[in-house]
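Structure data follow from upload-v5.cif (mmCIF, C-alpha atoms):
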```
data_protein
loop_
_atom_site.label_atom_id
_atom_site.label_comp_id
_atom_site.auth_asym_id
_atom_site.auth_seq_id
_atom_site.Cartn_x
_atom_site.Cartn_y
_atom_site.Cartn_z
CA MET A 1 6.04 -36.88 -9.15
CA SER A 2 4.23 -36.40 -5.88
CA ALA A 3 3.55 -33.13 -4.14
CA ALA A 4 4.82 -32.63 -0.62
CA LEU A 5 3.34 -30.99 2.42
CA TRP A 6 5.83 -29.47 4.78
CA ALA A 7 5.84 -27.00 7.62
CA GLN A 8 7.95 -23.86 7.53
CA SER A 9 9.11 -24.20 11.13
CA PRO A 10 9.73 -26.93 13.72
CA PRO A 11 7.17 -27.56 16.48
CA PRO A 12 7.21 -24.64 18.90
CA PRO A 13 8.48 -25.08 22.46
CA PRO A 14 5.84 -25.53 25.15
CA SER A 15 6.52 -22.03 26.52
CA GLY A 16 5.05 -20.25 23.50
CA GLU A 17 4.90 -19.74 19.80
CA SER A 18 8.00 -19.06 17.74
CA ALA A 19 8.87 -18.81 14.10
CA SER A 20 12.21 -20.48 14.45
CA GLY A 21 11.68 -22.40 11.24
CA GLN A 22 14.26 -20.20 9.59
CA ASN A 23 17.11 -22.07 11.32
CA PRO A 24 19.73 -23.92 9.35
CA GLY A 25 18.20 -27.27 10.28
CA GLY A 26 15.47 -26.72 7.69
CA PRO A 27 11.92 -28.12 7.68
CA PRO A 28 10.96 -31.44 9.28
CA PRO A 29 10.39 -34.53 7.10
CA PRO A 30 7.51 -33.83 4.70
CA PHE A 31 4.12 -35.45 4.54
CA VAL A 32 3.77 -36.97 1.08
CA VAL A 33 0.61 -36.35 -0.86
CA PRO A 34 0.02 -38.89 -3.65
CA GLY A 35 -0.89 -37.76 -7.12
CA PRO A 36 0.55 -35.27 -9.62
CA PRO A 37 0.39 -31.56 -8.91
CA VAL A 38 -2.28 -29.51 -10.63
CA PRO A 39 -0.68 -26.86 -12.86
CA SER A 40 -1.12 -23.29 -11.65
CA LYS A 41 -3.43 -21.10 -13.68
CA ARG A 42 -1.56 -17.90 -14.45
CA ASN A 43 -4.76 -16.05 -15.29
CA ALA A 44 -5.86 -16.43 -11.67
CA ARG A 45 -4.19 -13.10 -10.90
CA PRO A 46 -3.27 -14.38 -7.44
CA GLY A 47 -2.64 -10.94 -5.94
CA ASP A 48 -6.25 -9.85 -6.47
CA LYS A 49 -7.64 -11.23 -3.24
CA ASN A 50 -10.80 -9.21 -2.85
CA PRO A 51 -13.06 -8.67 -5.85
CA MET A 52 -15.10 -6.01 -4.07
CA ARG A 53 -13.45 -3.11 -5.91
CA VAL A 54 -13.11 -4.96 -9.23
CA ASP A 55 -16.15 -5.05 -11.48
CA VAL A 56 -15.70 -8.61 -12.74
CA ASP A 57 -17.38 -11.93 -12.07
CA LEU A 58 -14.34 -13.75 -10.70
CA ALA A 59 -13.98 -13.94 -6.92
CA LEU A 60 -10.47 -14.61 -5.60
CA VAL A 61 -9.59 -15.65 -2.06
CA ASN A 62 -6.17 -15.96 -0.39
CA VAL A 63 -5.91 -18.99 1.88
CA THR A 64 -3.35 -19.96 4.53
CA VAL A 65 -3.18 -23.54 5.82
CA THR A 66 -1.37 -24.62 8.99
CA ASP A 67 -0.88 -27.88 10.85
CA PRO A 68 -1.52 -28.55 14.57
CA TYR A 69 1.91 -27.05 15.40
CA ASN A 70 0.94 -23.81 13.61
CA ARG A 71 3.43 -24.52 10.81
CA LEU A 72 2.64 -23.48 7.25
CA VAL A 73 1.46 -26.29 5.00
CA THR A 74 2.35 -26.24 1.30
CA GLY A 75 1.79 -28.73 -1.51
CA LEU A 76 -2.00 -28.97 -1.41
CA GLU A 77 -3.82 -29.01 -4.72
CA GLN A 78 -7.07 -27.63 -6.07
CA GLU A 79 -9.07 -30.75 -5.26
CA ASN A 80 -8.17 -30.36 -1.58
CA PHE A 81 -10.26 -27.19 -1.24
CA ARG A 82 -13.97 -26.36 -1.12
CA VAL A 83 -15.38 -22.82 -1.18
CA PHE A 84 -18.82 -21.78 0.03
CA GLU A 85 -20.48 -18.42 -0.53
CA ASP A 86 -23.54 -17.78 1.65
CA ASN A 87 -23.58 -21.54 2.40
CA GLN A 88 -23.69 -22.48 -1.30
CA GLU A 89 -20.72 -24.46 -2.58
CA GLN A 90 -18.95 -22.81 -5.51
CA GLU A 91 -16.97 -24.37 -8.34
CA ILE A 92 -13.26 -23.52 -8.06
CA THR A 93 -12.12 -22.55 -11.54
CA HIS A 94 -8.74 -20.97 -10.74
CA PHE A 95 -5.99 -22.18 -8.44
CA SER A 96 -2.51 -20.86 -7.70
CA SER A 97 0.17 -21.14 -5.04
CA GLU A 98 2.71 -18.88 -6.72
CA ASP A 99 4.54 -16.10 -4.88
CA VAL A 100 3.53 -12.68 -6.22
CA PRO A 101 4.63 -9.11 -5.42
CA VAL A 102 2.99 -7.60 -2.34
CA SER A 103 2.27 -4.04 -1.26
CA ILE A 104 3.01 -4.00 2.47
CA GLY A 105 2.27 -1.43 5.14
CA VAL A 106 3.62 -1.55 8.68
CA VAL A 107 1.68 0.27 11.40
CA MET A 108 4.09 0.93 14.28
CA ASP A 109 2.96 1.88 17.79
CA LEU A 110 5.18 4.65 19.22
CA SER A 111 2.98 5.53 22.20
CA GLY A 112 4.35 5.83 25.72
CA SER A 113 3.21 2.33 26.70
CA MET A 114 5.66 0.95 24.11
CA ALA A 115 8.73 2.63 25.62
CA ASN A 116 10.31 -0.62 26.82
CA LYS A 117 9.24 -2.51 23.69
CA ILE A 118 10.21 -0.17 20.88
CA ASP A 119 13.70 -1.59 20.23
CA LYS A 120 12.40 -5.12 19.74
CA SER A 121 9.46 -3.81 17.70
CA ARG A 122 11.83 -1.94 15.40
CA MET A 123 13.92 -5.09 14.98
CA ALA A 124 10.80 -7.13 14.18
CA ALA A 125 9.75 -4.67 11.48
CA LEU A 126 13.19 -4.83 9.87
CA GLN A 127 13.17 -8.63 9.92
CA PHE A 128 9.74 -8.59 8.29
CA PHE A 129 11.00 -6.35 5.48
CA LYS A 130 13.93 -8.70 4.90
CA THR A 131 11.51 -11.43 3.78
CA ALA A 132 10.45 -9.19 0.90
CA ASN A 133 10.93 -9.76 -2.81
CA PRO A 134 12.47 -7.15 -5.14
CA GLN A 135 9.06 -6.36 -6.64
CA ASP A 136 7.48 -5.60 -3.25
CA GLU A 137 6.79 -2.08 -2.04
CA PHE A 138 6.41 -0.82 1.53
CA PHE A 139 5.25 2.07 3.63
CA VAL A 140 5.29 2.80 7.36
CA VAL A 141 2.63 4.48 9.48
CA SER A 142 3.70 5.43 13.00
CA PHE A 143 1.43 6.67 15.74
CA ASN A 144 1.18 7.92 19.28
CA GLU A 145 -1.53 10.54 19.95
CA ARG A 146 -1.72 11.06 16.19
CA ALA A 147 -1.10 8.83 13.19
CA GLU A 148 1.29 9.91 10.47
CA LEU A 149 2.88 8.49 7.35
CA SER A 150 6.53 8.03 8.30
CA SER A 151 7.53 6.61 4.93
CA ALA A 152 5.52 6.59 1.73
CA PHE A 153 5.59 3.63 -0.65
CA THR A 154 9.16 2.64 -1.48
CA THR A 155 10.98 -0.44 -2.72
CA SER A 156 14.06 0.37 -0.63
CA VAL A 157 14.37 -1.59 2.61
CA ASP A 158 17.40 0.57 3.46
CA ASP A 159 15.29 3.71 3.31
CA ILE A 160 12.73 2.18 5.68
CA GLN A 161 15.48 1.04 8.04
CA THR A 162 16.98 4.54 8.21
CA ARG A 163 13.64 6.10 9.07
CA LEU A 164 12.87 3.50 11.75
CA MET A 165 16.18 4.13 13.50
CA PHE A 166 15.00 7.57 14.63
CA THR A 167 11.72 6.50 16.21
CA ALA A 168 11.00 7.06 19.91
CA ALA A 169 8.01 6.09 22.06
CA HIS A 170 5.95 8.72 23.88
CA GLY A 171 2.42 10.10 24.18
CA ARG A 172 -1.04 8.57 23.96
CA THR A 173 -2.37 5.92 21.55
CA ALA A 174 -4.38 6.53 18.35
CA LEU A 175 -4.32 2.93 17.09
CA LEU A 176 -7.64 3.07 15.21
CA ASP A 177 -6.64 6.24 13.36
CA ALA A 178 -3.36 4.56 12.37
CA ILE A 179 -5.11 1.48 10.98
CA TYR A 180 -7.46 3.73 9.03
CA LEU A 181 -4.51 5.67 7.60
CA GLY A 182 -2.74 2.44 6.68
CA LEU A 183 -5.77 1.05 4.85
CA SER A 184 -6.24 4.39 3.10
CA GLN A 185 -2.63 4.31 1.86
CA MET A 186 -3.32 0.96 0.20
CA ARG A 187 -5.50 2.74 -2.34
CA GLY A 188 -2.27 3.90 -3.96
CA ALA A 189 -0.66 0.45 -4.01
CA ARG A 190 0.70 -0.77 -7.34
CA ASN A 191 0.43 -4.49 -6.47
CA GLN A 192 -2.86 -6.30 -6.34
CA LYS A 193 -1.91 -8.29 -3.24
CA LYS A 194 -1.86 -6.08 -0.14
CA ALA A 195 -1.08 -6.69 3.52
CA LEU A 196 -0.98 -4.53 6.63
CA LEU A 197 1.12 -5.50 9.67
CA VAL A 198 0.16 -3.83 12.97
CA ILE A 199 2.73 -3.91 15.79
CA SER A 200 1.10 -2.65 18.98
CA ASP A 201 0.16 -3.38 22.58
CA GLY A 202 -3.46 -3.11 21.48
CA GLY A 203 -4.88 -0.23 23.53
CA ASP A 204 -6.41 2.94 22.04
CA ASN A 205 -7.19 6.13 23.94
CA HIS A 206 -6.90 8.98 21.44
CA SER A 207 -8.50 8.09 18.07
CA ARG A 208 -11.09 10.06 16.14
CA TYR A 209 -12.36 6.94 14.42
CA SER A 210 -14.43 4.39 16.35
CA GLU A 211 -14.12 0.62 16.42
CA HIS A 212 -17.27 0.45 14.28
CA ASP A 213 -15.68 2.73 11.67
CA ILE A 214 -12.58 0.55 11.48
CA ARG A 215 -14.55 -2.69 11.24
CA GLU A 216 -16.53 -1.35 8.29
CA PHE A 217 -13.45 0.07 6.58
CA ALA A 218 -11.59 -3.23 7.02
CA ARG A 219 -14.55 -5.08 5.51
CA GLU A 220 -14.38 -2.84 2.47
CA ALA A 221 -10.59 -2.82 2.14
CA ASP A 222 -8.72 -5.05 -0.26
CA THR A 223 -6.07 -5.86 2.37
CA GLN A 224 -5.11 -8.70 4.69
CA ILE A 225 -4.45 -7.46 8.23
CA TYR A 226 -1.83 -9.11 10.41
CA ALA A 227 -1.06 -8.05 13.96
CA ILE A 228 1.70 -8.68 16.47
CA GLY A 229 0.16 -8.01 19.85
CA LEU A 230 2.54 -6.98 22.63
CA TYR A 231 -0.10 -7.34 25.31
CA ASP A 232 0.34 -6.94 29.03
CA PRO A 233 -0.97 -9.85 31.15
CA ALA A 234 -4.78 -9.79 31.27
CA GLY A 235 -4.91 -8.93 34.96
CA SER A 236 -2.72 -5.85 34.56
CA ARG A 237 -4.59 -4.16 31.71
CA GLY A 238 -5.97 -1.08 33.44
CA SER A 239 -8.22 0.70 30.93
CA VAL A 240 -11.19 -0.54 28.92
CA GLU A 241 -9.22 0.17 25.75
CA GLU A 242 -6.34 -2.04 26.89
CA VAL A 243 -8.77 -4.83 27.77
CA ASN A 244 -10.63 -4.64 24.44
CA GLY A 245 -7.59 -4.05 22.22
CA PRO A 246 -6.62 -7.70 21.68
CA ALA A 247 -10.18 -8.67 20.72
CA LEU A 248 -10.38 -5.90 18.13
CA LEU A 249 -7.06 -6.85 16.49
CA ASN A 250 -8.18 -10.50 16.40
CA GLU A 251 -11.46 -9.53 14.77
CA LEU A 252 -9.82 -7.37 12.11
CA SER A 253 -7.28 -10.03 11.19
CA ASP A 254 -9.88 -12.80 11.11
CA MET A 255 -12.27 -10.98 8.79
CA SER A 256 -9.48 -10.03 6.38
CA GLY A 257 -7.81 -13.44 6.19
CA GLY A 258 -4.76 -12.42 8.23
CA ARG A 259 -3.80 -13.51 11.73
CA THR A 260 -2.87 -12.06 15.11
CA PHE A 261 0.15 -13.31 17.02
CA ALA A 262 0.21 -12.53 20.74
CA VAL A 263 3.73 -12.09 22.11
CA SER A 264 4.63 -12.62 25.75
CA ASN A 265 8.41 -12.75 25.24
CA LEU A 266 9.83 -9.77 23.36
CA ASN A 267 12.74 -11.90 22.16
CA ASP A 268 10.24 -13.82 19.99
CA LEU A 269 9.29 -10.71 18.02
CA PRO A 270 11.78 -10.99 15.13
CA ASP A 271 10.99 -14.68 14.56
CA ILE A 272 7.25 -14.00 14.48
CA ALA A 273 7.76 -11.16 12.01
CA ILE A 274 9.69 -13.53 9.74
CA LYS A 275 6.91 -16.09 10.11
CA ILE A 276 4.31 -13.59 8.91
CA GLY A 277 6.50 -12.64 5.97
CA MET A 278 6.86 -16.28 4.98
CA GLU A 279 3.13 -16.83 5.35
CA LEU A 280 2.43 -14.13 2.78
CA ARG A 281 4.77 -16.01 0.41
CA ASN A 282 3.07 -19.38 0.87
CA GLN A 283 -0.63 -18.78 0.39
CA TYR A 284 -3.05 -20.50 -1.94
CA VAL A 285 -5.35 -18.48 -4.18
CA LEU A 286 -8.77 -19.90 -5.02
CA GLY A 287 -10.89 -18.37 -7.77
CA TYR A 288 -14.55 -18.97 -8.50
CA ARG A 289 -17.42 -17.36 -10.36
CA PRO A 290 -20.20 -16.75 -7.81
CA SER A 291 -23.43 -18.60 -8.48
CA ASN A 292 -25.23 -15.51 -7.18
CA HIS A 293 -25.07 -13.10 -10.13
CA LYS A 294 -26.89 -10.24 -8.43
CA ARG A 295 -25.00 -6.94 -8.36
CA ASP A 296 -26.67 -5.73 -5.20
CA GLY A 297 -23.68 -4.49 -3.18
CA LYS A 298 -24.56 -6.82 -0.29
CA TRP A 299 -22.14 -8.61 2.02
CA ARG A 300 -21.48 -12.21 1.00
CA LYS A 301 -20.02 -14.65 3.48
CA ILE A 302 -17.14 -16.89 2.40
CA LYS A 303 -16.15 -20.17 4.01
CA VAL A 304 -13.19 -22.24 2.84
CA LYS A 305 -13.07 -25.89 3.84
CA LEU A 306 -10.48 -28.59 3.26
CA ARG A 307 -10.78 -31.98 1.70
CA PRO A 308 -7.40 -33.08 3.08
CA PRO A 309 -5.34 -35.98 1.74
CA LYS A 310 -5.55 -39.14 3.81
CA GLY A 311 -3.10 -39.60 6.63
CA LEU A 312 -2.65 -35.94 7.51
CA PRO A 313 -3.39 -34.46 10.94
CA PRO A 314 -6.21 -31.92 11.31
CA LEU A 315 -5.35 -28.76 9.40
CA ASN A 316 -6.37 -25.14 10.04
CA VAL A 317 -7.63 -22.78 7.32
CA TYR A 318 -7.43 -18.97 7.32
CA ALA A 319 -9.25 -16.89 4.71
CA LYS A 320 -11.25 -13.68 4.58
CA SER A 321 -14.79 -13.97 5.88
CA GLY A 322 -16.51 -12.33 2.92
CA TYR A 323 -16.74 -9.44 0.48
CA TYR A 324 -19.21 -6.87 -0.79
CA ALA A 325 -20.78 -7.79 -4.12
CA PRO A 326 -20.33 -5.28 -6.95
CA GLN A 327 -23.15 -2.92 -7.80
#
```
With the file now loaded, output its structure as structure tokens.
Amino acid sequence: MSAALWAQSPPPPPSGESASGQNPGGPPPPFVVPGPPVPSKRNARPGDKNPMRVDVDLALVNVTVTDPYNRLVTGLEQENFRVFEDNQEQEITHFSSEDVPVSIGVVMDLSGSMANKIDKSRMAALQFFKTANPQDEFFVVSFNERAELSSAFTTSVDDIQTRLMFTAAHGRTALLDAIYLGLSQMRGARNQKKALLVISDGGDNHSRYSEHDIREFAREADTQIYAIGLYDPAGSRGSVEEVNGPALLNELSDMSGGRTFAVSNLNDLPDIAIKIGMELRNQYVLGYRPSNHKRDGKWRKIKVKLRPPKGLPPLNVYAKSGYYAPQ
């Protein structure tokens, strides 16, 4: 039996990116990859993406693969991947593509600049939660001039929905403090796989924490960061914070193995939220035992490359950029 590669959504329209792959028409015809599938290794513990906090010798990396139309690609096997740590190729000893429970945090911007975007943002968050599995857990951090935990970890989507219905946008923007609070909450997560979704227009003008603080905390956190950026056109971003906001969200998502989706049409928000939810369900997990056995606490760079099956178009790979070695 051959494995199949297929994309989760049809090619986006020229006007922008959309996650309309959830329509009744289903996925496009699959690419066929010859050869039998490699059995998943259940001892890969696929939720444990970042070994930094785990004092073991197995490094695990979550990987997303997309095609030129930004559609998710499934059906690849272990032999299609190569992993490098500090430019040294590593032997992949564990491989999985199974869906596992996720601990999910949503960081919701309720500052004044979001006043005309809050309804669509709320709808996007609810659509994202609807992609969840019964074993998932969620929390919500909301922020304007201060960040607060609106809903602690719960498995009830209905509870989250009720709390989101009473949100209103006003005040200044403490985005960095909210991200810090969200990553801090993940320390109490019960699932090994963790993801943070930030929904914001990207500017910050009232945080105690600096961009440097957040970069370092994100490097140390065992969490993929995704962002939906509701940015104003580049020419109309007045403050330095508004100008730099998109770059910071891109950097945080890139280093953690997540992604940032810029939204120009608010009507696309729910579809993009669904797309992120589906992406978390269709990731590969690669495990290897680092050839560098030193427990020196230093940053180690990770690079995942593809050895794609013949006949496929160029594929894109998203994975975290590294981890801190144990001490």
Could you spell out the hits of the PyMOL selection byres ((chain A and resi 157) around 12) on the shown file, as a list of chain:residue names?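 That expression, the PyMOL selection byres ((chain A and resi 157) around 12), corresponds here to A:Ile104, A:Ala125, A:Leu126, A:Gln127, A:Phe128, A:Phe129, A:Lys130, A:Thr131, A:Ala132, A:Asn133, A:Pro134, A:Gln135, A:Asp136, A:Glu137, A:Phe138, A:Phe139, A:Val140, A:Ser151, A:Phe153, A:Thr154, A:Thr155, A:Ser156, A:Asp158, A:Asp159, A:Ile160, A:Gln161, A:Thr162, A:Arg163, A:Leu164.
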On this structure, which residues satisfy the PyMOL selection byres ((chain A and resi 98) around 8), written as a ChimeraX atom specification? /A:40,46,96-97,99-100,281-284
Would you export the selected residues with C-alpha atoms as a tab-separated table (two decimals), keeping the file's coordinate frame, please?
```tsv
chain	number	residue	atom	x	y	z
A	40	SER	CA	-1.12	-23.29	-11.65
A	46	PRO	CA	-3.27	-14.38	-7.44
A	96	SER	CA	-2.51	-20.86	-7.70
A	97	SER	CA	0.17	-21.14	-5.04
A	99	ASP	CA	4.54	-16.10	-4.88
A	100	VAL	CA	3.53	-12.68	-6.22
A	281	ARG	CA	4.77	-16.01	0.41
A	282	ASN	CA	3.07	-19.38	0.87
A	283	GLN	CA	-0.63	-18.78	0.39
A	284	TYR	CA	-3.05	-20.50	-1.94
```
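Pairwise distance (CA of Asp254 (chain A), CA of Ala195 (chain A)) equals 13.1 Å.
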I want to know what sits within 6 Å of Leu269 (chain A), based on only C-alpha atoms, with residues of the same chain fewer than 3 positions away left out; could you give that as a list in words?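 That gives Ala124, Leu266 and Ile272 of chain A.
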A:Gly182, A:Gly112, A:Gly188, A:Pro309: which is nearest His170 (chain A), counting all atoms listed in the file?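 Ranking A:Gly182, A:Gly112, A:Gly188, A:Pro309 by distance to His170 (chain A), first place goes to A:Gly112.
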Nearest-residue call for Leu249 (chain A), choices A:Leu72, A:Val106, A:Leu312, A:Ala218, using only C-alpha atoms: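 Using only C-alpha atoms, Leu249 (chain A) sits closest to A:Ala218.
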For the provided coordinates, the residues matched by the PyMOL selection byres ((chain A and resi 191) around 9) should be stated as a list of chain:residue names. A:Gly47, A:Asp48, A:Val100, A:Pro101, A:Val102, A:Ser103, A:Gln135, A:Asp136, A:Glu137, A:Ala189, A:Arg190, A:Gln192, A:Lys193, A:Lys194
Which polymer residues have any atom within 7 Å of an atom of region 291-302 of chain A, counting only C-alpha atoms, with same-chain residues fewer than 2 positions away left out, as an MDAnalysis selection string? chainID A and resid 84:86 90 289 304 321:327
Close residues, region 227-232 of chain A itself excluded, 10 Å, all atoms listed in the file, min 3 positions apart in chain, as a PyMOL selection string: chain A and resi 106-107+113-114+117+121+124+196-203+235-238+242-243+245-246+249-250+252-253+258-266+269+272-273+276
Excluding same-chain residues fewer than 6 positions from Ile214 (chain A), what lies within 12 Å of it counting all atoms listed in the file, as a ChimeraX atom specification? /A:175-184,207-208,220-221,225,248-249,251-253,255
Hey, can you spit out that residue selection with C-alpha atoms as a compact mmCIF listing (two decimals), in the coordinates of the input?
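Resulting contents of result.txt:
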```
# COMPACT_ATOMS: atom_id res chain seq x y z
CA LEU A 175 -4.32 2.93 17.09
CA LEU A 176 -7.64 3.07 15.21
CA ASP A 177 -6.64 6.24 13.36
CA ALA A 178 -3.36 4.56 12.37
CA ILE A 179 -5.11 1.48 10.98
CA TYR A 180 -7.46 3.73 9.03
CA LEU A 181 -4.51 5.67 7.60
CA GLY A 182 -2.74 2.44 6.68
CA LEU A 183 -5.77 1.05 4.85
CA SER A 184 -6.24 4.39 3.10
CA SER A 207 -8.50 8.09 18.07
CA ARG A 208 -11.09 10.06 16.14
CA GLU A 220 -14.38 -2.84 2.47
CA ALA A 221 -10.59 -2.82 2.14
CA ILE A 225 -4.45 -7.46 8.23
CA LEU A 248 -10.38 -5.90 18.13
CA LEU A 249 -7.06 -6.85 16.49
CA GLU A 251 -11.46 -9.53 14.77
CA LEU A 252 -9.82 -7.37 12.11
CA SER A 253 -7.28 -10.03 11.19
CA MET A 255 -12.27 -10.98 8.79
```
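Between CA of Ala147 (chain A) and CA of Ala115 (chain A) lies a distance of 17.0 Å.
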